[in-house]
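Text of the file structure.txt, holding compact mmCIF, C-alpha atoms:
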# COMPACT_ATOMS: atom_id res chain seq x y z
CA MET A 251 36.54 -135.70 424.86
CA GLN A 252 39.53 -134.93 422.74
CA ASP A 253 42.39 -136.58 420.92
CA ASP A 254 44.53 -135.14 423.68
CA VAL A 255 46.18 -138.46 424.41
CA LEU A 256 48.00 -138.03 421.15
CA ASP A 257 49.39 -134.77 422.42
CA THR A 258 50.43 -135.57 425.95
CA ALA A 259 51.65 -139.15 426.10
CA ALA A 260 55.20 -139.30 427.38
CA HIS A 261 57.70 -140.71 424.91
CA THR A 262 58.58 -143.90 426.74
CA GLY A 263 58.86 -147.48 425.60
CA THR A 264 60.21 -148.78 422.32
CA ALA A 265 60.58 -146.69 419.20
CA SER A 266 57.78 -148.64 417.52
CA THR A 267 55.29 -147.79 420.28
CA THR A 268 53.16 -144.83 419.27
CA PRO A 269 52.17 -142.13 421.78
CA LEU A 270 48.55 -143.22 421.41
CA LYS A 271 49.39 -146.80 422.37
CA GLN A 272 51.63 -145.63 425.20
CA ALA A 273 48.72 -143.78 426.80
CA VAL A 274 45.90 -146.20 426.03
CA PHE A 275 47.57 -149.60 426.40
CA ARG A 276 47.66 -150.21 430.14
CA SER A 277 46.53 -153.85 430.26
CA ALA A 278 47.71 -157.17 428.90
CA SER A 279 46.63 -157.67 425.30
CA ALA A 280 44.81 -160.93 426.12
CA SER A 281 42.72 -159.38 428.91
CA ARG A 282 39.23 -157.93 428.37
CA GLN A 283 40.50 -154.45 429.21
CA GLY A 284 43.46 -154.92 426.92
CA VAL A 285 41.19 -155.86 424.02
CA LEU A 286 39.03 -152.77 424.66
CA GLU A 287 42.12 -150.56 424.67
CA ARG A 288 43.35 -151.97 421.37
CA VAL A 289 39.97 -151.60 419.68
CA PHE A 290 39.88 -147.99 420.83
CA ALA A 291 43.37 -147.32 419.43
CA PHE A 292 42.24 -148.77 416.10
CA VAL A 293 39.13 -146.57 415.76
CA PHE A 294 40.85 -143.48 417.16
CA ASP A 295 42.76 -142.70 414.00
CA GLY A 296 42.35 -139.95 411.43
CA LEU A 297 39.85 -137.13 411.80
CA VAL A 298 38.07 -137.41 415.14
CA TYR A 299 36.76 -133.93 415.94
CA PRO A 300 35.59 -131.66 413.11
CA GLN A 301 34.69 -129.24 415.93
CA ILE A 302 36.38 -129.05 419.32
CA TRP A 303 33.98 -129.56 422.25
CA GLU A 304 35.41 -127.19 424.84
CA ASP A 305 33.82 -123.76 425.21
CA PRO A 306 36.36 -121.10 424.11
CA VAL A 307 34.47 -118.29 425.85
CA VAL A 308 34.90 -120.09 429.19
CA ASP A 309 38.54 -120.69 428.33
CA MET A 310 39.29 -117.07 427.53
CA ASP A 311 37.48 -115.77 430.61
CA ALA A 312 39.54 -118.07 432.83
CA MET A 313 42.85 -117.44 431.10
CA ALA A 314 42.51 -113.64 430.89
CA ILE A 315 44.84 -113.55 427.89
CA GLU A 316 46.73 -110.28 427.51
CA PRO A 317 48.85 -108.80 424.70
CA GLY A 318 52.34 -110.24 425.01
CA HIS A 319 51.17 -113.62 426.30
CA HIS A 320 52.45 -116.88 424.87
CA VAL A 321 49.77 -119.59 424.83
CA VAL A 322 50.55 -123.29 424.41
CA ALA A 323 47.44 -125.29 423.51
CA ILE A 324 46.49 -128.75 422.34
CA THR A 325 45.01 -128.24 418.89
CA SER A 326 42.23 -130.77 418.29
CA GLY A 327 40.02 -129.26 415.55
CA GLY A 328 41.72 -125.88 415.83
CA CYS A 329 38.51 -123.98 416.69
CA ASN A 330 39.68 -122.80 420.10
CA VAL A 331 43.24 -122.05 419.07
CA LEU A 332 41.91 -119.63 416.46
CA SER A 333 39.29 -118.26 418.84
CA TYR A 334 42.06 -117.40 421.33
CA LEU A 335 43.52 -115.08 418.68
CA THR A 336 40.57 -112.75 419.23
CA ALA A 337 42.04 -112.06 422.70
CA ASP A 338 45.24 -110.72 421.07
CA PRO A 339 48.04 -112.93 422.50
CA ALA A 340 51.56 -112.44 421.15
CA ARG A 341 51.74 -116.03 419.92
CA ILE A 342 50.07 -119.42 420.16
CA THR A 343 51.97 -122.69 419.95
CA ALA A 344 49.44 -125.29 418.79
CA VAL A 345 50.52 -128.89 419.36
CA ASP A 346 49.01 -132.17 418.27
CA LEU A 347 50.23 -135.61 417.28
CA ASN A 348 47.10 -136.27 415.23
CA GLN A 349 48.03 -135.17 411.72
CA ALA A 350 44.38 -134.97 410.65
CA HIS A 351 43.67 -132.29 413.24
CA LEU A 352 46.84 -130.38 412.40
CA SER A 353 45.83 -130.52 408.75
CA LEU A 354 42.44 -129.07 409.67
CA LEU A 355 44.08 -126.22 411.58
CA LYS A 356 46.42 -125.53 408.66
CA LEU A 357 43.48 -125.49 406.23
CA LYS A 358 41.74 -122.93 408.42
CA GLN A 359 44.92 -120.84 408.62
CA ALA A 360 45.30 -120.88 404.83
CA ALA A 361 41.63 -119.94 404.42
CA ILE A 362 42.01 -116.97 406.77
CA ARG A 363 45.11 -115.79 404.93
CA HIS A 364 43.97 -116.27 401.34
CA LEU A 365 40.18 -116.33 400.99
CA LEU A 366 38.97 -112.97 399.82
CA ALA A 367 36.05 -112.41 402.17
CA HIS A 368 34.55 -113.63 405.42
CA GLU A 369 31.60 -114.89 403.38
CA ASP A 370 33.89 -117.45 401.73
CA PHE A 371 35.44 -118.46 405.06
CA ALA A 372 31.99 -118.89 406.64
CA ARG A 373 30.80 -120.95 403.68
CA PHE A 374 33.68 -123.32 404.32
CA PHE A 375 33.51 -123.68 408.11
CA ALA A 376 30.09 -122.38 409.21
CA GLY A 377 27.94 -123.68 406.37
CA THR A 378 26.55 -127.07 405.51
CA GLY A 379 28.54 -127.59 402.34
CA SER A 380 28.98 -126.16 398.86
CA ALA A 381 30.76 -127.17 395.65
CA LEU A 382 32.22 -123.65 395.68
CA ASN A 383 34.33 -124.66 398.67
CA ILE A 384 36.12 -127.22 396.53
CA GLU A 385 36.72 -124.67 393.78
CA LEU A 386 38.18 -122.20 396.27
CA TYR A 387 40.41 -124.90 397.69
CA ASP A 388 41.75 -125.80 394.25
CA GLN A 389 42.24 -122.19 393.18
CA LEU A 390 43.42 -120.45 396.36
CA LEU A 391 44.36 -122.88 399.12
CA ALA A 392 45.83 -126.20 397.98
CA HIS A 393 49.15 -124.84 396.69
CA ARG A 394 49.58 -122.74 399.84
CA LEU A 395 49.44 -125.67 402.25
CA ASP A 396 52.56 -127.50 403.37
CA ASP A 397 53.18 -130.93 401.88
CA GLU A 398 51.59 -132.89 404.73
CA ALA A 399 48.39 -130.84 404.88
CA ARG A 400 48.02 -130.78 401.10
CA GLU A 401 48.54 -134.53 400.91
CA TYR A 402 45.87 -135.00 403.58
CA TRP A 403 43.17 -132.84 401.96
CA SER A 404 43.97 -133.68 398.34
CA GLY A 405 44.47 -137.37 399.09
CA ASP A 406 41.80 -139.96 398.43
CA ARG A 407 39.53 -141.42 401.10
CA THR A 408 39.63 -144.92 399.61
CA MET A 409 36.95 -144.77 396.87
CA ALA A 410 35.27 -141.59 398.09
CA GLY A 411 37.59 -139.11 396.42
CA PRO A 412 39.78 -136.40 397.98
CA ARG A 413 39.09 -135.54 401.62
CA ILE A 414 38.50 -131.92 400.69
CA ASN A 415 35.24 -133.09 399.11
CA LEU A 416 33.87 -133.38 402.66
CA PHE A 417 33.34 -129.62 402.44
CA ALA A 418 30.97 -130.04 399.49
CA GLY A 419 28.57 -131.45 402.07
CA ASN A 420 28.18 -130.99 405.81
CA PHE A 421 31.72 -131.37 407.12
CA TYR A 422 30.49 -131.62 410.72
CA ARG A 423 28.76 -134.93 410.00
CA HIS A 424 32.16 -136.52 409.46
CA GLY A 425 34.96 -137.57 411.73
CA LEU A 426 34.50 -140.01 414.57
CA LEU A 427 32.38 -137.59 416.57
CA GLY A 428 30.19 -136.64 413.62
CA ARG A 429 29.38 -140.26 412.93
CA PHE A 430 28.69 -140.87 416.61
CA ILE A 431 26.11 -138.05 416.67
CA THR A 432 24.49 -139.47 413.54
CA ALA A 433 24.26 -142.89 415.22
CA ALA A 434 22.70 -141.32 418.32
CA HIS A 435 20.05 -139.65 416.15
CA VAL A 436 19.29 -142.97 414.47
CA ALA A 437 18.96 -144.70 417.85
CA ALA A 438 16.53 -142.02 419.05
CA ARG A 439 14.44 -142.31 415.88
CA VAL A 440 14.07 -146.04 416.52
CA TYR A 441 12.05 -145.02 419.60
CA GLY A 442 10.08 -142.39 417.70
CA VAL A 443 12.09 -139.39 418.90
CA ASN A 444 13.63 -136.88 416.51
CA PRO A 445 16.24 -134.90 418.48
CA ALA A 446 16.25 -132.14 415.85
CA VAL A 447 12.74 -131.10 416.88
CA ILE A 448 14.21 -129.37 419.94
CA MET A 449 15.58 -126.79 417.50
CA GLN A 450 12.02 -125.48 417.12
CA SER A 451 12.02 -124.38 420.78
CA LYS A 452 11.73 -120.65 421.36
CA THR A 453 12.40 -120.56 425.08
CA LEU A 454 14.39 -122.42 427.71
CA ASP A 455 11.12 -123.76 429.14
CA GLU A 456 10.29 -125.34 425.78
CA GLN A 457 13.78 -126.86 425.60
CA ARG A 458 13.38 -128.29 429.10
CA ARG A 459 9.97 -129.77 428.31
CA PHE A 460 11.32 -131.45 425.19
CA PHE A 461 14.18 -132.94 427.16
CA ALA A 462 11.92 -134.16 429.98
CA ASP A 463 9.24 -135.56 427.66
CA LYS A 464 11.31 -136.93 424.77
CA LEU A 465 15.03 -137.23 425.43
CA SER A 466 15.33 -138.18 429.09
CA PRO A 467 13.08 -141.29 428.82
CA LEU A 468 15.40 -142.74 426.16
CA PHE A 469 17.98 -143.45 428.84
CA ASP A 470 15.54 -145.75 430.64
CA LYS A 471 15.19 -148.00 427.58
CA ARG A 472 16.67 -151.42 428.17
CA LEU A 473 18.60 -151.43 424.89
CA ILE A 474 20.12 -148.01 425.52
CA ARG A 475 21.20 -149.00 429.00
CA TRP A 476 22.72 -152.22 427.69
CA LEU A 477 24.59 -150.44 424.89
CA THR A 478 25.99 -147.72 427.11
CA SER A 479 27.19 -150.24 429.69
CA SER A 480 30.12 -151.06 427.38
CA PRO A 481 33.10 -148.71 427.08
CA MET A 482 33.03 -149.26 423.32
CA SER A 483 29.70 -147.44 423.11
CA LEU A 484 31.46 -144.15 423.78
CA TYR A 485 34.46 -144.56 421.51
CA GLY A 486 32.72 -142.18 419.11
CA LEU A 487 33.05 -139.44 421.74
CA GLY A 488 36.77 -140.12 421.95
CA ILE A 489 36.45 -141.71 425.39
CA PRO A 490 38.96 -144.53 425.98
CA PRO A 491 38.35 -147.29 428.54
CA ALA A 492 40.25 -145.48 431.32
CA GLN A 493 38.27 -142.27 430.84
CA TYR A 494 35.00 -144.21 430.65
CA THR A 495 35.59 -145.28 434.25
CA GLU A 496 36.31 -141.70 435.31
CA LEU A 497 33.17 -140.47 433.57
CA ALA A 498 30.94 -143.10 435.17
CA GLU A 499 32.05 -142.33 438.76
CA GLY A 500 30.36 -145.52 439.94
CA ARG A 501 27.04 -144.80 438.24
CA HIS A 502 25.40 -146.39 435.22
CA MET A 503 26.68 -144.63 432.12
CA ALA A 504 23.14 -144.08 430.82
CA ASP A 505 22.40 -141.94 433.87
CA VAL A 506 25.61 -139.96 433.43
CA LEU A 507 24.81 -139.32 429.78
CA ARG A 508 21.26 -138.28 430.69
CA GLU A 509 22.70 -135.74 433.13
CA ARG A 510 25.17 -134.30 430.61
CA LEU A 511 22.60 -134.18 427.81
CA GLY A 512 20.22 -132.47 430.20
CA LYS A 513 22.70 -129.66 430.73
CA LEU A 514 23.22 -129.31 426.97
CA SER A 515 19.46 -129.26 426.39
CA CYS A 516 18.24 -127.19 429.31
CA ASP A 517 20.86 -124.83 430.71
CA PHE A 518 21.55 -122.51 427.76
CA PRO A 519 19.31 -120.94 425.10
CA LEU A 520 19.80 -122.56 421.71
CA SER A 521 20.32 -119.09 420.27
CA GLU A 522 23.59 -118.90 422.24
CA ASN A 523 24.80 -122.49 422.19
CA TYR A 524 26.45 -123.67 419.00
CA PHE A 525 27.35 -126.99 420.65
CA ALA A 526 23.67 -127.83 421.09
CA ARG A 527 22.92 -126.71 417.55
CA GLN A 528 25.50 -129.11 416.17
CA ALA A 529 24.39 -131.94 418.45
CA PHE A 530 20.68 -131.63 417.75
CA GLY A 531 20.39 -129.78 414.43
CA ARG A 532 23.72 -130.88 412.87
CA SER A 533 24.31 -127.27 411.86
CA TYR A 534 25.12 -123.85 413.25
CA ALA A 535 21.84 -122.62 411.75
CA SER A 536 18.82 -122.00 413.96
CA HIS A 537 16.94 -124.88 412.31
CA PRO A 538 18.27 -128.09 410.76
CA ASP A 539 17.22 -126.96 407.28
CA GLY A 540 17.68 -123.28 407.95
CA ASP A 541 19.16 -120.69 405.62
CA GLY A 542 22.06 -119.79 407.89
CA ASN A 543 20.37 -116.84 409.55
CA GLY A 544 20.59 -116.41 413.30
CA LEU A 545 23.79 -118.40 413.67
CA ALA A 546 25.43 -119.14 416.98
CA LEU A 547 29.13 -119.51 416.21
CA PRO A 548 32.55 -120.07 417.75
CA PRO A 549 34.39 -116.74 418.06
CA TYR A 550 36.75 -117.47 415.17
CA LEU A 551 33.80 -117.76 412.78
CA ASP A 552 32.11 -114.53 413.89
CA ALA A 553 32.27 -111.90 411.15
CA LYS A 554 33.27 -109.19 413.63
CA ASN A 555 36.55 -111.06 414.27
CA TRP A 556 37.49 -111.65 410.63
CA ARG A 557 39.81 -108.67 410.21
CA SER A 558 41.67 -109.26 413.48
CA LEU A 559 42.12 -112.94 412.62
CA ARG A 560 43.68 -112.02 409.29
CA ASP A 561 46.01 -109.58 410.99
CA ARG A 562 47.09 -112.09 413.65
CA ILE A 563 47.00 -115.47 411.91
CA ASP A 564 50.79 -115.66 411.57
CA ARG A 565 51.04 -115.69 415.37
CA VAL A 566 49.84 -119.33 415.38
CA SER A 567 52.44 -122.04 414.79
CA ALA A 568 51.38 -125.68 414.44
CA HIS A 569 53.61 -128.48 415.69
CA ASN A 570 53.35 -132.26 415.40
CA ARG A 571 54.71 -132.67 418.92
CA SER A 572 53.74 -133.75 422.41
CA VAL A 573 52.80 -130.82 424.63
CA THR A 574 55.04 -132.30 427.32
CA ASP A 575 58.00 -132.22 424.94
CA VAL A 576 57.21 -128.70 423.76
CA LEU A 577 57.07 -127.42 427.33
CA ALA A 578 60.21 -129.32 428.31
CA GLU A 579 62.13 -127.66 425.48
CA ALA A 580 60.70 -124.16 425.89
CA GLU A 581 62.79 -121.36 427.34
CA PRO A 582 62.27 -121.09 431.12
CA GLN A 583 59.41 -118.73 432.06
CA SER A 584 58.50 -118.21 428.39
CA VAL A 585 54.92 -119.55 428.55
CA ASP A 586 51.98 -117.66 430.08
CA ARG A 587 48.94 -119.86 429.40
CA ILE A 588 48.53 -123.61 428.82
CA VAL A 589 45.43 -125.40 427.54
CA LEU A 590 45.40 -129.17 428.17
CA LEU A 591 41.81 -130.03 427.16
CA ASP A 592 40.95 -133.33 428.91
CA ALA A 593 44.34 -134.94 428.30
CA GLN A 594 45.13 -135.77 431.90
CA ASP A 595 42.22 -138.20 432.19
CA TRP A 596 44.27 -140.46 429.93
CA MET A 597 47.58 -140.18 431.71
CA SER A 598 49.54 -142.34 434.10
CA ASP A 599 51.13 -140.86 437.22
CA ASP A 600 54.52 -140.77 435.49
CA GLN A 601 53.05 -138.87 432.53
CA LEU A 602 51.27 -136.41 434.82
CA ASN A 603 54.45 -135.69 436.72
CA ALA A 604 56.48 -135.24 433.54
CA LEU A 605 53.87 -132.82 432.18
CA TRP A 606 53.63 -130.68 435.30
CA ALA A 607 57.38 -130.62 435.85
CA ALA A 608 57.79 -129.34 432.29
CA ALA A 609 54.95 -126.84 432.72
CA THR A 610 56.40 -125.49 435.97
CA ARG A 611 59.80 -124.94 434.37
CA ALA A 612 58.40 -123.33 431.21
CA THR A 613 55.93 -120.90 432.79
CA ALA A 614 56.32 -117.46 434.31
CA PRO A 615 54.89 -116.53 437.72
CA GLY A 616 51.16 -115.91 437.39
CA ALA A 617 50.89 -118.34 434.47
CA ARG A 618 47.59 -120.19 434.18
CA VAL A 619 46.79 -123.76 433.15
CA ILE A 620 43.25 -124.80 432.25
CA PHE A 621 41.87 -128.26 431.56
CA ARG A 622 38.73 -130.35 431.77
CA THR A 623 37.93 -133.74 433.26
CA ALA A 624 35.28 -136.35 432.63
CA ALA A 625 34.76 -136.63 436.38
CA ARG A 626 34.10 -133.64 438.63
CA HIS A 627 37.36 -133.62 440.54
CA SER A 628 40.87 -132.59 439.50
CA PRO A 629 43.18 -135.58 438.89
CA LEU A 630 46.30 -133.87 440.29
CA GLU A 631 45.95 -134.16 444.06
CA GLY A 632 47.76 -137.22 445.37
CA ARG A 633 49.28 -137.97 441.98
CA VAL A 634 51.55 -135.05 441.10
CA ALA A 635 54.55 -134.69 443.41
CA PRO A 636 53.93 -132.11 446.17
CA SER A 637 57.23 -130.40 445.33
CA VAL A 638 55.72 -129.53 441.94
CA LEU A 639 52.03 -129.18 442.72
CA ASN A 640 52.67 -126.88 445.69
CA ARG A 641 54.07 -124.35 443.24
CA TRP A 642 50.54 -123.93 441.89
CA SER A 643 47.28 -122.64 443.38
CA TYR A 644 43.92 -124.12 442.46
CA ASP A 645 41.24 -121.49 441.81
CA GLU A 646 38.19 -123.33 443.08
CA ALA A 647 35.72 -120.48 442.56
CA ALA A 648 36.80 -119.88 438.96
CA SER A 649 36.79 -123.62 438.30
CA LYS A 650 33.21 -123.95 439.52
CA ARG A 651 32.13 -120.98 437.39
CA GLY A 652 33.80 -122.49 434.33
CA THR A 653 32.13 -125.84 434.91
CA ALA A 654 28.70 -124.24 435.20
CA ARG A 655 29.15 -121.98 432.18
CA ASP A 656 30.68 -124.51 429.76
CA ARG A 657 28.05 -124.75 427.02
CA SER A 658 29.36 -128.01 425.58
CA ALA A 659 28.09 -129.72 428.77
CA ILE A 660 30.15 -132.86 428.18
CA TYR A 661 32.61 -132.51 431.01
CA GLY A 662 32.26 -133.07 434.72
CA GLY A 663 34.80 -130.43 435.67
CA PHE A 664 36.65 -127.36 434.40
CA HIS A 665 39.85 -126.56 436.29
CA LEU A 666 42.14 -123.55 436.62
CA TYR A 667 45.59 -123.55 438.23
CA GLU A 668 47.85 -120.51 438.62
CA LEU A 669 51.61 -120.54 439.22
CA ASN A 670 52.52 -118.90 442.51
CA PRO A 671 54.84 -115.85 442.49
This structure in structure tokens:
Amino acid sequence: MQDDVLDTAAHTGTASTTPLKQAVFRSASASRQGVLERVFAFVFDGLVYPQIWEDPVVDMDAMAIEPGHHVVAITSGGCNVLSYLTADPARITAVDLNQAHLSLLKLKQAAIRHLLAHEDFARFFAGTGSALNIELYDQLLAHRLDDEAREYWSGDRTMAGPRINLFAGNFYRHGLLGRFITAAHVAARVYGVNPAVIMQSKTLDEQRRFFADKLSPLFDKRLIRWLTSSPMSLYGLGIPPAQYTELAEGRHMADVLRERLGKLSCDFPLSENYFARQAFGRSYASHPDGDGNGLALPPYLDAKNWRSLRDRIDRVSAHNRSVTDVLAEAEPQSVDRIVLLDAQDWMSDDQLNALWAAATRATAPGARVIFRTAARHSPLEGRVAPSVLNRWSYDEAASKRGTARDRSAIYGGFHLYELNP
């Protein structure tokens, strides 16, 4: 679940109201729900996702990006934006109101432009940390970042030193999501289960046995069921109170999480699923303490794509803007593909209608919009005005395929809409 609320909240209310608060604050501050919303807004600040948790291969299959296409995408950690470059679009407009995630994208862009070899790039973003990363940052990258990104990475994290020092260790253990995964491992170890052991599996059958014997029973533990019954338990996944309700769909959250973890554990070989490797092994390597051989990687980190990324990196522009505003200000019919992540789970009816009105105006016939939802169903029917929604066709077959093939396994639904001729 992404920081997409920061990117899609409509700019309504007073000037002092941030887009995050506009989207999250739906209840009176003194109410229980209002307190939960304000706690979430407090923790949902800074770096949330060191790695985006939507499958870019599913995205690119559904979008069918072609040369000449203009893609508008919510940035998050920047992994998918850069992966889309491998499909050779003409340009990508990356939008985000979370400066930490924009700074991460800009760091990756600078690394692609100025590091001398893919080996150095992989050490930064596919490895588990090295002091050499900090040297390369100081020598080759820092002075090539814009002021905001340089201030972010060179700035101190209270008493922990500059943020760039995160890359001396395992960067993917940081951010809100990284800490959440660490906490989940600790909780499992309390019950004598080490989730990393699944990384020793050689076959899908072995993965499925480990899940059935070790991981699934954890969700029957009284403490786990009590903890997950509170919306605050999932703040580390970036799930606000409103999306928690969508995700639960009337069931106990422990059972929903068991189902989603089961897909992550059992439906895809570990050799092909870098999401599972990060969740269980905390690394792209084949084993938690591996040497980096046999990596499963996002497309932008694959060595075969290094040269094309360097050739195309200037096609990506990063903007500290709302995607609704960017689409509203775009030239009519100038956008071919839009990636909304799971933003709409957070949105009010007014925000949904503003977004889709802007998208309809900005896109050319045949344009495609993809997004994910915590629940299984699309949130648009009955909420977006028919005069707008009827301009679009929902591709149910492609949406079902995308849902089944999404290796991150977090989401209930993947959805594809196409603008009618």
Nearest residue to Ala312 in chain A from the set A:His435, A:His665, A:Arg373, A:Arg560 (distances using all atoms listed in the file):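 Under the stated criterion, the closest residue is A:His665.
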Which residues come within 6 Å of range 342-344 of chain A, counting all atoms listed in the file, excluding same-chain residues fewer than 4 positions away, as an NGL selection string? :A and (320-325 or 566-568)
Which is closer to Val307 in chain A than all the others in A:Gly531, A:Gly425, A:Pro548, A:Gly377, using only C-alpha atoms?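 Nearest candidate to Val307 in chain A out of A:Gly531, A:Gly425, A:Pro548, A:Gly377: A:Pro548.
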For each of A:Glu385, A:Asp599, A:Asp517, A:Asp645, take the minimum atom-to-atom distance to Leu669 in chain A, counting only C-alpha atoms, then give the residue where this is smallest. A:Asp645
Tell me, as a PyMOL selection string, which residues lie within 12 Å of Asn555 in chain A, counting all atoms listed in the file; anything in the same chain fewer than 6 positions away does not count. chain A and resi 332-338+362+368+371-372+547-549+561-563
Atoms kept (C-alpha atoms) for selection, written as a compact mmCIF listing (two decimals), in the frame of the given file:
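Result file follows (again-v1.txt):
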# COMPACT_ATOMS: atom_id res chain seq x y z
CA LEU A 332 41.91 -119.63 416.46
CA SER A 333 39.29 -118.26 418.84
CA TYR A 334 42.06 -117.40 421.33
CA LEU A 335 43.52 -115.08 418.68
CA THR A 336 40.57 -112.75 419.23
CA ALA A 337 42.04 -112.06 422.70
CA ASP A 338 45.24 -110.72 421.07
CA ILE A 362 42.01 -116.97 406.77
CA HIS A 368 34.55 -113.63 405.42
CA PHE A 371 35.44 -118.46 405.06
CA ALA A 372 31.99 -118.89 406.64
CA LEU A 547 29.13 -119.51 416.21
CA PRO A 548 32.55 -120.07 417.75
CA PRO A 549 34.39 -116.74 418.06
CA ASP A 561 46.01 -109.58 410.99
CA ARG A 562 47.09 -112.09 413.65
CA ILE A 563 47.00 -115.47 411.91
In Å to one decimal, how far is CA of Leu365 in chain A from CA of Arg527 in chain A?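 Computed distance, CA of Arg527 in chain A to CA of Leu365 in chain A, equals 26.1 Å.
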Just give me the gap between CA of Ala438 in chain A and CA of Phe375 in chain A in Å, one decimal is fine.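 A separation of 27.3 Å between them.
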Within 8 Å of range 441-449 of chain A, counting only C-alpha atoms, which residues qualify if same-chain residues fewer than 3 places away don't, as a list in words?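 Near neighbours after the sequence-gap exclusion: His435, Ala437, Ala438, Gln457, Phe460, Lys464, Leu465, Leu468, Leu520, Arg527, Phe530, Gly531, Ser536, His537 and Pro538 of chain A.
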Next, write the just-selected residues to a file, as an mmCIF file, in the frame of the given file, keeping C-alpha atoms as the atom set.
data_model
loop_
_atom_site.group_PDB
_atom_site.id
_atom_site.type_symbol
_atom_site.label_atom_id
_atom_site.label_comp_id
_atom_site.auth_asym_id
_atom_site.auth_seq_id
_atom_site.Cartn_x
_atom_site.Cartn_y
_atom_site.Cartn_z
ATOM 1 C CA HIS A 435 20.050 -139.650 416.150
ATOM 2 C CA ALA A 437 18.960 -144.700 417.850
ATOM 3 C CA ALA A 438 16.530 -142.020 419.050
ATOM 4 C CA GLN A 457 13.780 -126.860 425.600
ATOM 5 C CA PHE A 460 11.320 -131.450 425.190
ATOM 6 C CA LYS A 464 11.310 -136.930 424.770
ATOM 7 C CA LEU A 465 15.030 -137.230 425.430
ATOM 8 C CA LEU A 468 15.400 -142.740 426.160
ATOM 9 C CA LEU A 520 19.800 -122.560 421.710
ATOM 10 C CA ARG A 527 22.920 -126.710 417.550
ATOM 11 C CA PHE A 530 20.680 -131.630 417.750
ATOM 12 C CA GLY A 531 20.390 -129.780 414.430
ATOM 13 C CA SER A 536 18.820 -122.000 413.960
ATOM 14 C CA HIS A 537 16.940 -124.880 412.310
ATOM 15 C CA PRO A 538 18.270 -128.090 410.760
#
Nearest to Asp505 in chain A: which of A:Arg394, A:Lys650, A:Arg475, A:Arg413 is it, counting only C-alpha atoms? A:Arg475
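Separating CA of Gly652 in chain A from CA of Phe664 in chain A is a distance of 5.6 Å.
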Expected axis-aligned box over every listed atom of range 382-389 of chain A, 4 Å added per side, centre plus edges in Å to one decimal, as lines of an AutoDock Vina configuration file:
center_x = 37.2
center_y = -124.7
center_z = 395.9
size_x = 18.0
size_y = 13.0
size_z = 13.5
Would you mind listing what lies within 10 Å of Leu666 in chain A as a ChimeraX atom specification, with all atoms listed in the file counted and same-chain residues fewer than 4 positions away left out? /A:309,312-313,589,618-622,628,642-650,652
Can you work out which one of A:Ser404, A:Ser326, A:Ala529, A:Leu347 has the shortest atom-to-atom distance to Asp575 in chain A, counting only C-alpha atoms?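 Comparing A:Ser404, A:Ser326, A:Ala529, A:Leu347 against Asp575 in chain A, the winner is A:Leu347.
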